[in-house]
Every structure is written in structure tokens, then in C-alpha cells.
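Colleague: Below is start_35.csv; it holds CSV, C-alpha atoms.
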chain,number,residue,atom,x,y,z
A,226,MET,CA,98.0,199.3,-155.6
A,227,THR,CA,97.7,201.5,-152.5
A,228,TRP,CA,96.6,200.3,-149.1
A,229,ILE,CA,93.3,202.1,-149.6
A,230,THR,CA,92.5,200.2,-152.9
A,231,ALA,CA,93.5,196.9,-151.3
A,232,SER,CA,91.3,197.7,-148.2
A,233,LEU,CA,88.4,198.5,-150.5
A,234,ILE,CA,88.8,195.1,-152.1
A,235,VAL,CA,88.9,193.5,-148.7
A,236,ILE,CA,85.7,195.3,-147.6
A,237,VAL,CA,83.8,194.1,-150.8
A,238,LEU,CA,85.1,190.5,-150.6
A,239,TRP,CA,84.6,190.1,-146.8
A,240,GLY,CA,81.3,191.8,-147.2
A,241,VAL,CA,80.2,189.2,-149.7
A,242,VAL,CA,81.4,186.5,-147.2
A,243,GLY,CA,79.1,188.0,-144.6
A,244,LEU,CA,76.2,187.7,-147.0
A,245,LEU,CA,77.1,184.1,-147.9
A,246,GLN,CA,77.4,183.3,-144.1
A,247,LYS,CA,73.8,184.6,-143.7
A,248,MET,CA,72.7,182.3,-146.5
A,249,GLY,CA,74.7,179.3,-145.2
A,250,SER,CA,73.7,179.6,-141.6
A,251,ASN,CA,70.4,177.9,-142.3
A,252,GLU,CA,72.1,175.0,-144.2
A,253,SER,CA,75.1,174.4,-141.9
A,254,SER,CA,76.1,174.5,-138.3
A,255,SER,CA,78.9,176.9,-137.4
A,256,ALA,CA,81.5,174.2,-136.9
A,257,SER,CA,80.7,172.5,-140.2
A,258,LEU,CA,80.6,175.9,-142.1
A,259,LEU,CA,84.1,176.7,-140.6
A,260,ASN,CA,85.5,173.4,-141.9
A,261,TRP,CA,84.0,173.8,-145.4
A,262,THR,CA,85.3,177.3,-145.5
A,263,CYS,CA,88.8,175.9,-144.8
A,264,ALA,CA,88.2,173.4,-147.6
A,265,GLY,CA,87.6,176.4,-149.8
A,266,TYR,CA,90.9,178.0,-148.6
A,267,VAL,CA,92.6,174.7,-149.7
A,268,LEU,CA,90.9,174.9,-153.1
A,269,LEU,CA,92.5,178.3,-153.6
A,270,LEU,CA,96.0,177.0,-152.9
A,271,PRO,CA,96.9,176.0,-156.5
A,272,VAL,CA,96.2,179.5,-157.7
A,273,LEU,CA,98.2,181.1,-154.8
A,274,LEU,CA,101.2,178.7,-155.3
A,275,ILE,CA,101.9,180.0,-158.8
A,276,HIS,CA,105.1,182.2,-158.5
A,277,SER,CA,105.3,181.2,-154.8
A,278,HIS,CA,108.4,182.0,-152.9
A,279,LEU,CA,107.4,179.7,-150.0
A,280,PHE,CA,110.7,177.8,-149.9
A,281,ASP,CA,112.8,181.0,-149.7
A,282,LEU,CA,111.1,182.2,-146.6
A,283,SER,CA,112.7,182.4,-143.2
A,284,LEU,CA,111.5,180.3,-140.3
A,285,ARG,CA,110.2,183.5,-138.6
A,286,SER,CA,108.2,184.5,-141.7
A,287,ILE,CA,106.7,181.0,-142.0
A,288,LEU,CA,105.7,180.9,-138.3
A,289,LEU,CA,104.1,184.4,-138.6
A,290,GLY,CA,102.0,183.2,-141.6
A,291,LEU,CA,100.9,180.0,-139.8
A,292,LEU,CA,100.1,182.1,-136.6
A,293,ALA,CA,98.0,184.4,-138.7
A,294,GLY,CA,95.8,181.5,-139.8
A,295,LEU,CA,95.7,180.0,-136.3
A,296,THR,CA,94.8,183.3,-134.5
A,297,ASN,CA,92.1,184.0,-137.1
A,298,GLY,CA,90.6,180.5,-136.6
A,299,LEU,CA,90.8,180.8,-132.8
A,300,GLY,CA,89.0,184.1,-133.0
A,301,ALA,CA,86.1,182.5,-134.9
A,302,TRP,CA,86.2,179.5,-132.5
A,303,ALA,CA,86.0,181.8,-129.4
A,304,LEU,CA,83.0,183.7,-130.9
A,305,TYR,CA,81.2,180.5,-131.5
A,306,ALA,CA,81.9,179.3,-128.0
A,307,ALA,CA,80.6,182.6,-126.6
A,308,LEU,CA,77.4,182.2,-128.6
A,309,GLU,CA,77.0,178.6,-127.5
A,310,LYS,CA,77.5,179.6,-123.9
A,311,GLY,CA,74.6,182.0,-124.0
A,312,ALA,CA,75.9,185.3,-125.4
A,313,ALA,CA,73.4,187.3,-127.3
A,314,ALA,CA,74.7,187.7,-130.9
A,315,SER,CA,73.6,191.4,-130.8
A,316,VAL,CA,76.2,191.9,-128.0
A,317,ALA,CA,79.0,189.4,-128.7
A,318,VAL,CA,79.4,190.1,-132.4
A,319,PRO,CA,79.6,193.9,-132.1
A,320,LEU,CA,82.1,193.4,-129.1
A,321,THR,CA,84.4,191.2,-131.2
A,322,ALA,CA,83.9,193.7,-134.2
A,323,LEU,CA,86.0,196.1,-132.0
A,324,ASN,CA,89.0,193.8,-132.5
A,325,PRO,CA,91.0,196.3,-134.7
A,326,LEU,CA,91.4,198.3,-131.5
A,327,VAL,CA,93.8,195.5,-130.3
A,328,THR,CA,95.7,195.7,-133.7
A,329,LEU,CA,95.8,199.5,-133.4
A,330,VAL,CA,97.2,199.5,-129.8
A,331,LEU,CA,99.8,196.8,-130.7
A,332,ALA,CA,100.8,198.8,-133.8
A,333,LEU,CA,101.2,202.0,-131.8
A,334,LEU,CA,103.1,200.3,-129.0
A,335,PHE,CA,105.4,198.0,-130.9
A,336,LEU,CA,105.6,199.3,-134.5
A,337,GLY,CA,105.9,203.0,-133.7
A,338,GLU,CA,102.9,203.9,-135.9
A,339,ARG,CA,101.4,207.3,-135.4
A,340,LEU,CA,98.1,208.8,-136.5
A,341,THR,CA,97.3,212.4,-137.4
A,342,PRO,CA,94.3,214.0,-135.6
A,343,THR,CA,92.2,213.6,-138.8
A,344,GLN,CA,93.2,209.9,-139.0
A,345,THR,CA,92.4,209.4,-135.3
A,346,ALA,CA,88.9,210.8,-135.9
A,347,GLY,CA,88.5,208.6,-138.9
A,348,VAL,CA,89.6,205.5,-137.0
A,349,VAL,CA,87.3,206.2,-134.0
A,350,LEU,CA,84.4,206.6,-136.4
A,351,ALA,CA,85.3,203.5,-138.3
A,352,LEU,CA,85.4,201.4,-135.1
A,353,ALA,CA,82.0,202.9,-134.0
A,354,ALA,CA,80.6,202.2,-137.4
A,355,ALA,CA,81.9,198.6,-137.4
A,356,VAL,CA,80.2,198.0,-134.0
A,357,MET,CA,76.9,199.5,-135.1
A,358,LEU,CA,76.9,197.8,-138.5
A,359,SER,CA,77.3,194.4,-136.9
A,360,TYR,CA,74.4,195.0,-134.5
A,361,GLU,CA,71.8,192.5,-135.5
A,362,THR,CA,68.4,192.8,-133.6
A,363,VAL,CA,66.8,189.7,-135.1
A,364,PRO,CA,67.8,186.7,-132.9
A,365,PRO,CA,69.4,184.0,-134.9
A,366,GLN,CA,68.2,180.4,-134.8
A,367,PRO,CA,70.1,177.9,-132.8
A,368,ASN,CA,73.6,176.9,-134.1
A,369,THR,CA,73.5,179.5,-136.8
A,370,THR,CA,76.6,181.4,-137.9
A,371,PRO,CA,76.5,185.1,-136.9
A,372,LEU,CA,77.5,187.9,-139.2
A,373,SER,CA,81.2,188.3,-139.5
A,374,ALA,CA,82.1,185.1,-137.7
A,375,LEU,CA,84.5,183.7,-140.2
A,376,VAL,CA,86.4,186.8,-141.0
A,377,PRO,CA,87.5,189.2,-138.3
B,143,MET,CA,55.7,179.7,-126.4
B,144,ALA,CA,57.2,181.5,-129.4
B,145,ALA,CA,59.3,179.4,-131.7
B,146,ASN,CA,62.3,181.6,-131.2
B,147,SER,CA,62.4,181.0,-127.5
B,148,VAL,CA,63.3,177.4,-128.0
B,149,ASN,CA,67.1,177.2,-127.9
B,150,PRO,CA,68.7,173.8,-127.4
B,151,SER,CA,72.2,175.3,-127.5
B,152,GLY,CA,71.9,176.9,-124.1
B,153,SER,CA,71.6,180.4,-125.4
B,154,PRO,CA,69.7,183.0,-123.3
B,155,ASP,CA,65.9,183.4,-123.4
B,156,VAL,CA,64.7,185.6,-126.1
B,157,GLN,CA,62.7,188.5,-124.7
B,158,PRO,CA,59.3,189.6,-126.2
B,159,ASP,CA,61.0,192.6,-127.8
B,160,GLY,CA,63.4,190.3,-129.7
B,161,HIS,CA,66.4,191.2,-127.5
B,162,THR,CA,68.2,188.8,-125.2
B,163,ARG,CA,68.9,189.3,-121.6
B,164,LEU,CA,72.4,190.7,-121.2
B,165,ASN,CA,73.4,189.7,-117.8
B,166,ARG,CA,72.4,186.1,-117.8
B,167,HIS,CA,75.4,183.9,-117.6
B,168,LEU,CA,77.6,186.9,-118.4
B,169,TRP,CA,80.6,185.3,-116.7
B,170,LYS,CA,80.1,182.2,-118.9
B,171,TRP,CA,80.3,183.8,-122.3
B,172,LEU,CA,82.1,187.1,-121.7
B,173,PRO,CA,85.6,185.5,-121.4
B,174,TRP,CA,85.0,183.8,-124.7
B,175,ALA,CA,83.8,186.9,-126.5
B,176,LEU,CA,86.8,188.8,-125.1
B,177,LEU,CA,89.1,186.0,-126.3
B,178,GLY,CA,87.5,186.3,-129.8
B,179,PHE,CA,88.1,190.1,-129.6
B,180,PHE,CA,91.8,189.5,-128.6
B,181,TRP,CA,92.6,186.7,-131.1
B,182,TRP,CA,91.2,188.7,-134.1
B,183,GLY,CA,93.0,191.8,-133.0
B,184,LEU,CA,96.2,189.8,-132.6
B,185,PHE,CA,95.6,188.4,-136.1
B,186,GLY,CA,95.7,191.9,-137.5
B,187,PHE,CA,99.0,192.6,-135.8
B,188,ILE,CA,100.5,189.4,-136.9
B,189,ALA,CA,99.3,190.0,-140.5
B,190,LYS,CA,101.0,193.4,-140.4
B,191,VAL,CA,104.3,192.0,-139.1
B,192,GLY,CA,104.2,189.0,-141.4
B,193,SER,CA,103.3,191.0,-144.5
B,194,ALA,CA,106.4,193.1,-144.2
B,195,ASP,CA,108.5,190.3,-145.6
B,196,VAL,CA,106.1,187.8,-147.1
B,197,ASP,CA,104.2,188.1,-150.4
B,198,ALA,CA,100.4,188.3,-149.8
B,199,ARG,CA,99.8,185.0,-151.7
B,200,ASP,CA,102.3,183.2,-149.6
B,201,MET,CA,100.8,184.7,-146.5
B,202,GLN,CA,97.4,183.2,-147.5
B,203,VAL,CA,99.0,179.8,-148.2
B,204,LEU,CA,100.6,179.8,-144.7
B,205,PHE,CA,97.3,181.2,-143.3
B,206,THR,CA,95.5,178.2,-144.8
B,207,LEU,CA,98.0,175.8,-143.3
B,208,GLY,CA,97.7,177.6,-139.9
B,209,THR,CA,93.9,177.0,-139.8
B,210,LEU,CA,94.3,173.2,-140.3
B,211,PRO,CA,94.9,172.3,-136.6
B,212,LEU,CA,91.5,173.9,-135.9
B,213,VAL,CA,89.9,171.8,-138.7
B,214,VAL,CA,91.4,168.7,-137.3
B,215,PHE,CA,90.2,169.6,-133.8
B,216,ILE,CA,86.6,170.2,-135.1
B,217,LEU,CA,86.7,166.9,-137.0
B,218,VAL,CA,88.0,164.9,-134.0
B,219,ARG,CA,85.5,166.6,-131.7
B,220,ARG,CA,82.6,165.6,-134.0
B,221,LYS,CA,80.2,168.0,-132.2
B,222,GLY,CA,77.6,170.1,-133.9
B,223,MET,CA,78.4,168.9,-137.4
B,224,ARG,CA,75.3,169.6,-139.4
B,225,ASN,CA,75.1,170.6,-143.1
B,226,ASN,CA,73.5,169.8,-146.4
B,227,SER,CA,74.9,169.9,-150.0
B,228,LYS,CA,73.8,173.6,-150.3
B,229,GLY,CA,75.6,174.4,-147.0
B,230,ARG,CA,78.8,172.6,-148.2
B,231,VAL,CA,78.8,174.5,-151.5
B,232,ILE,CA,78.3,177.8,-149.7
B,233,GLY,CA,81.1,176.9,-147.3
B,234,LEU,CA,83.5,176.2,-150.2
B,235,VAL,CA,82.5,179.5,-151.9
B,236,ILE,CA,83.0,181.4,-148.6
B,237,GLY,CA,86.5,179.9,-148.5
B,238,LEU,CA,87.3,181.0,-152.0
B,239,VAL,CA,86.0,184.5,-151.6
B,240,ALA,CA,87.4,185.0,-148.0
B,241,GLY,CA,90.8,183.6,-149.2
B,242,LEU,CA,91.0,186.2,-151.9
B,243,GLY,CA,89.8,188.8,-149.4
B,244,ASN,CA,92.5,187.7,-146.9
B,245,ALA,CA,95.2,188.0,-149.7
B,246,ALA,CA,94.0,191.6,-150.3
B,247,TYR,CA,94.1,192.2,-146.5
B,248,PHE,CA,97.8,191.1,-146.5
B,249,VAL,CA,98.5,193.4,-149.4
B,250,ALA,CA,96.8,196.3,-147.5
B,251,MET,CA,98.7,195.4,-144.4
B,252,GLY,CA,102.0,195.2,-146.3
B,253,ARG,CA,101.5,198.7,-147.7
B,254,GLY,CA,99.7,200.7,-145.1
B,255,GLN,CA,99.7,201.3,-141.3
B,256,ALA,CA,98.1,198.5,-139.3
B,257,SER,CA,96.4,201.2,-137.2
B,258,LEU,CA,94.6,202.4,-140.4
B,259,VAL,CA,94.1,199.1,-142.3
B,260,GLY,CA,92.6,197.3,-139.3
B,261,PRO,CA,89.8,199.8,-138.6
B,262,VAL,CA,89.1,200.6,-142.3
B,263,THR,CA,88.7,196.9,-143.3
B,264,SER,CA,86.5,196.3,-140.3
B,265,LEU,CA,83.9,198.3,-142.2
B,266,PHE,CA,83.1,195.2,-144.4
B,267,PRO,CA,79.7,194.7,-142.7
B,268,LEU,CA,78.6,197.8,-144.6
B,269,VAL,CA,78.7,195.7,-147.8
B,270,THR,CA,77.0,192.8,-146.1
B,271,VAL,CA,74.2,195.0,-144.8
B,272,LEU,CA,73.7,196.6,-148.2
B,273,LEU,CA,73.8,193.2,-150.0
B,274,ALA,CA,71.4,191.6,-147.5
B,275,THR,CA,68.8,194.3,-148.3
B,276,LEU,CA,69.2,193.6,-152.0
B,277,VAL,CA,69.6,189.8,-152.1
B,278,LEU,CA,67.8,188.7,-148.9
B,279,LYS,CA,65.3,191.6,-148.7
B,280,GLU,CA,66.4,192.2,-145.1
B,281,ARG,CA,65.8,195.7,-143.7
B,282,PHE,CA,68.6,197.2,-141.7
B,283,ASN,CA,67.8,198.6,-138.3
B,284,ARG,CA,68.4,202.2,-137.0
B,285,VAL,CA,71.7,201.3,-135.4
B,286,GLN,CA,73.0,199.9,-138.6
B,287,ALA,CA,71.7,202.9,-140.6
B,288,ALA,CA,73.6,205.2,-138.3
B,289,GLY,CA,76.6,202.9,-138.8
B,290,VAL,CA,76.4,203.4,-142.5
B,291,VAL,CA,76.5,207.2,-142.0
B,292,LEU,CA,79.5,207.0,-139.7
B,293,ALA,CA,81.3,204.6,-142.1
B,294,ILE,CA,80.9,207.1,-144.9
B,295,ILE,CA,82.2,210.1,-142.7
B,296,SER,CA,85.1,207.9,-141.6
B,297,ALA,CA,86.0,206.9,-145.1
B,298,VAL,CA,86.0,210.6,-146.2
B,299,LEU,CA,88.2,211.5,-143.2
B,300,LEU,CA,90.7,208.7,-143.9
B,301,ALA,CA,90.9,209.2,-147.6
B,302,THR,CA,91.7,212.9,-147.4
Would you encode the structure as C-alpha cells?
Modeller:
Amino acid sequence: MTWITASLIVIVLWGVVGLLQKMGSNESSSASLLNWTCAGYVLLLPVLLIHSHLFDLSLRSILLGLLAGLTNGLGAWALYAALEKGAAASVAVPLTALNPLVTLVLALLFLGERLTPTQTAGVVLALAAAVMLSYETVPPQPNTTPLSALVP
Amino acid sequence: MAANSVNPSGSPDVQPDGHTRLNRHLWKWLPWALLGFFWWGLFGFIAKVGSADVDARDMQVLFTLGTLPLVVFILVRRKGMRNNSKGRVIGLVIGLVAGLGNAAYFVAMGRGQASLVGPVTSLFPLVTVLLATLVLKERFNRVQAAGVVLAIISAVLLAT
């Protein structure tokens, strides 16, 4: 599987998550939905643990994996906090949708990644598209979960 | 008073055109929105560095364990906990689907550049917007329609 195929699977699955969040936002508060989502993550563990090499991992690798979960959760938490403190979802959600910019800058600085001119154009358009696609003009009801709040 | 202007959570007033006032309490929420932007961007970077040595399934196992402190915090805080049985089922299904999506994200990060995987996977609202028109009969706005066009051009550029 190439990174493009894997990324397409991500887009479809996270896209379905976005739809489910829209459906769940009338039934649950953000905090509650976040907790039940984590319960769903736990339900998936038995499947993931088949052929697991968890106990062969270095401490560094384990910490990186734990940090991935923590930073993702903190991202969702911070967005909820912004919305609770009066941010318009039509501004805060597109703003946080720009987050791959941080990933990109860190990867260019610390991992020595480079982009061709065509890739740079594609990346700029992708980021612009991500912001525009997450622009919701319909104001959500109080305590609802905005689009893309549980996945970055 | 319109129903949508009542907002007990302290969100800004909804203007007659359906937009909210941008500058109101900017300093209160902007730091949090920027934090969300930063944490999620850092998540992508950590996913990239971690996926270099760790299998995608193991990354999702550790990811799950890493989210648990937040779950504990939310449970201890006991604030804004509201759901019904339908909401709980939707939450569980979100976790299952998002968990598989995260595993695919770790696969992508393990095999491609983070500077490409990050921006490309951020196109997922494309699927949400399209599904919402089919399933929820929502209509996407002009900004989102332009976003769909940009996403397609971007995909063509990055796939060639």
C-alpha cells in the first residue's frame, strides 16, 4: 500500500466520522461524545492487538505513541474550549483545519523533507481546500460538536 | 428573539445573517483555537516520527492509551456531560471508524512524507460534505463548493 492509497482510506474514514459527529451532536454534548469515542477506540483494541509487537518497542517509541493520542485529544479539547468561550465555529474550525501547516513546517525543519514545485502547489491548494470545506455557515446549537472536532 | 440567538454556553450572539460577530471576546477564544491548531499539527509530526519504527496497529493501541488521561479528566470534571442511548452508540461507532482511520493515517505517515500526508488527509471534510448532502440532505455553501474544486485540483497535482 502506498501513502496515497492509505491517505485515501483516511479521507474516507475520517470523512464518515465527520458525518457521524454531525448526527451525534444533537444527541450528545462534546465532552460526552469525546468519551464515548474513546470507548470506541478501546473496543477496537482486541483487533489491533493481534500480532502486536507492543512489548518489543523501545521506551522512545512507546512515548511517541502515547504522545500522539494525548496531543490529538488535547487538540479536540482546545477546540471545544474555544467554542465554549465564544468562538464562532465558522472561524475556529477552519482555523484549526490549517493544522497540517504545523506538521509541514516541523517536517521541513526537523526531518529534512523537501517538496517539488508541483507538490508545493498541491499542498497550498489542499490546505486552502481544507479550510474552505470546514467552513460551516449554519450556526450550531449550544454544546454541539463541530465538524472535524474529534479528528484533526 | 430567534431561537438560535439563545446560547447558554457563552457563545457570541448570532447575527441576523447567520454569522457570528468575529471580534467579540477574541482574546478569550483565540488562544484556545490556536492551541487546537498547534496540538493537532504537533500530532501529525509525532505520528510521522513514531510511525517510522512502530507498526500502525501498535501506534493506534498506544494512541488509545494516550487519550485516556483526557477521558479521566472529563469524567472527574463532570461538566457538560449530556447524551442519550443513540448518542452513546454514535460515539462508539465514531471511535471504531476513527480508530481504523487513525491506523490508516499511521500507515500513510510511515510510508510518505509528513509534509504531503498531513495536507492530503486534511481533505477529509470533502467526504463529510458530500455524505451530508446525501444522508442529511444538507446543502453545501459556496465556500465549500469552491473547496471541493480546489481539493480536486490539489489531488491531481499531488498524484502526478
Colleague: Name the residues in contact with A:Tyr266 at a cut-off of 9 Å, using all atoms listed in the file, excluding same-chain residues fewer than 2 positions from it; report them as a ChimeraX atom specification.
Modeller: /A:261-264,268-270 /B:202-203,205-206,234,236-242
Colleague: Store the residues picked out above, limited to C-alpha atoms, as a PDB file, in the coordinates of the input.
Modeller:
ATOM      1  CA  TRP A 261      84.000 173.800-145.400  1.00  0.00           C
ATOM      2  CA  THR A 262      85.300 177.300-145.500  1.00  0.00           C
ATOM      3  CA  CYS A 263      88.800 175.900-144.800  1.00  0.00           C
ATOM      4  CA  ALA A 264      88.200 173.400-147.600  1.00  0.00           C
ATOM      5  CA  LEU A 268      90.900 174.900-153.100  1.00  0.00           C
ATOM      6  CA  LEU A 269      92.500 178.300-153.600  1.00  0.00           C
ATOM      7  CA  LEU A 270      96.000 177.000-152.900  1.00  0.00           C
TER       8      LEU A 270
ATOM      9  CA  GLN B 202      97.400 183.200-147.500  1.00  0.00           C
ATOM     10  CA  VAL B 203      99.000 179.800-148.200  1.00  0.00           C
ATOM     11  CA  PHE B 205      97.300 181.200-143.300  1.00  0.00           C
ATOM     12  CA  THR B 206      95.500 178.200-144.800  1.00  0.00           C
ATOM     13  CA  LEU B 234      83.500 176.200-150.200  1.00  0.00           C
ATOM     14  CA  ILE B 236      83.000 181.400-148.600  1.00  0.00           C
ATOM     15  CA  GLY B 237      86.500 179.900-148.500  1.00  0.00           C
ATOM     16  CA  LEU B 238      87.300 181.000-152.000  1.00  0.00           C
ATOM     17  CA  VAL B 239      86.000 184.500-151.600  1.00  0.00           C
ATOM     18  CA  ALA B 240      87.400 185.000-148.000  1.00  0.00           C
ATOM     19  CA  GLY B 241      90.800 183.600-149.200  1.00  0.00           C
ATOM     20  CA  LEU B 242      91.000 186.200-151.900  1.00  0.00           C
TER      21      LEU B 242
END
Colleague: Give me the residues near B:Met251 as JSON, numbers by chain, where near means some atom within 10 Å (using all atoms listed in the file) and where sequence neighbours in that chain fewer than 6 positions away do not count.
Modeller: {"A": [228, 231, 232], "B": [186, 187, 188, 189, 190, 191, 192, 193, 194, 198, 245, 257, 258, 259, 260]}
Colleague: Skipping near chain neighbours, those fewer than 5 positions away, what residues fall within 9 Å of B:Leu292 using only C-alpha atoms, listed as a list in words?
Modeller: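 Here the answer would be Leu350, Ala351, Ala353 and Ala354 of chain A; Ala287 and Ala297 of chain B.
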Colleague: Could you pull the residues within 7 Å of A:Ser253, counting all atoms listed in the file, minus those fewer than 6 positions along the same chain, as a list in words?
Modeller: Arg224, Asn225, Asn226 and Gly229 of chain B
Colleague: Report the distance between atom CA of A:Ala317 and atom CA of A:Gly240 in Å, rounded to one decimal place.
Modeller: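 Atom CA of A:Ala317 sits 18.8 Å away from atom CA of A:Gly240.
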Colleague: For the atom pair atom CA of A:Thr341 and atom CA of A:Met226, what is the interatomic distance in Å to one decimal place?
Modeller: 22.4 Å
Colleague: Atom CA of A:Asn251 and atom CA of B:Ala288, how far apart in Å?
Modeller: 27.8 Å
Colleague: Let me make sure I understand: among B:Leu276, B:Ala246, B:Val269, B:Ala256, which one has the smallest atom-to-atom distance to A:Leu340 if we use all atoms listed in the file?
Modeller: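 With all atoms listed in the file as the atom set, the closest residue is B:Ala256.
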Colleague: Between B:Trp181, B:Phe282, B:Phe266, B:Phe248, single out the one closest to B:Arg199, counting only C-alpha atoms.
Modeller: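 Of the candidates, the smallest distance to B:Arg199 is held by B:Phe248.
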Colleague: Kindly indicate which residue among B:Leu204, B:Ile232, B:Leu177, B:Val196 lies nearest to A:Gly290, using all atoms listed in the file for the distances.
Modeller: B:Leu204
Colleague: Could you check which residues have any atom within 12 Å of (83.1, 197.8, -151.3), counting only C-alpha atoms with coordinates taken straight from the file, and then list them as a list in words?
Modeller: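 Selection result: Ile229, Thr230, Ala231, Ser232, Leu233, Ile234, Val235, Ile236, Val237, Leu238, Trp239, Gly240 and Val241 of chain A; Gly243, Val262, Thr263, Ser264, Leu265, Phe266, Pro267, Leu268, Val269, Thr270, Val271, Leu272, Leu273, Ala293, Ile294 and Ala297 of chain B.
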Colleague: For chain B, which of A:Leu329, A:Ser255, A:Ile275, A:Leu282 is the closest residue, counting all atoms listed in the file?
Modeller: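 Nearest to chain B: A:Leu329.
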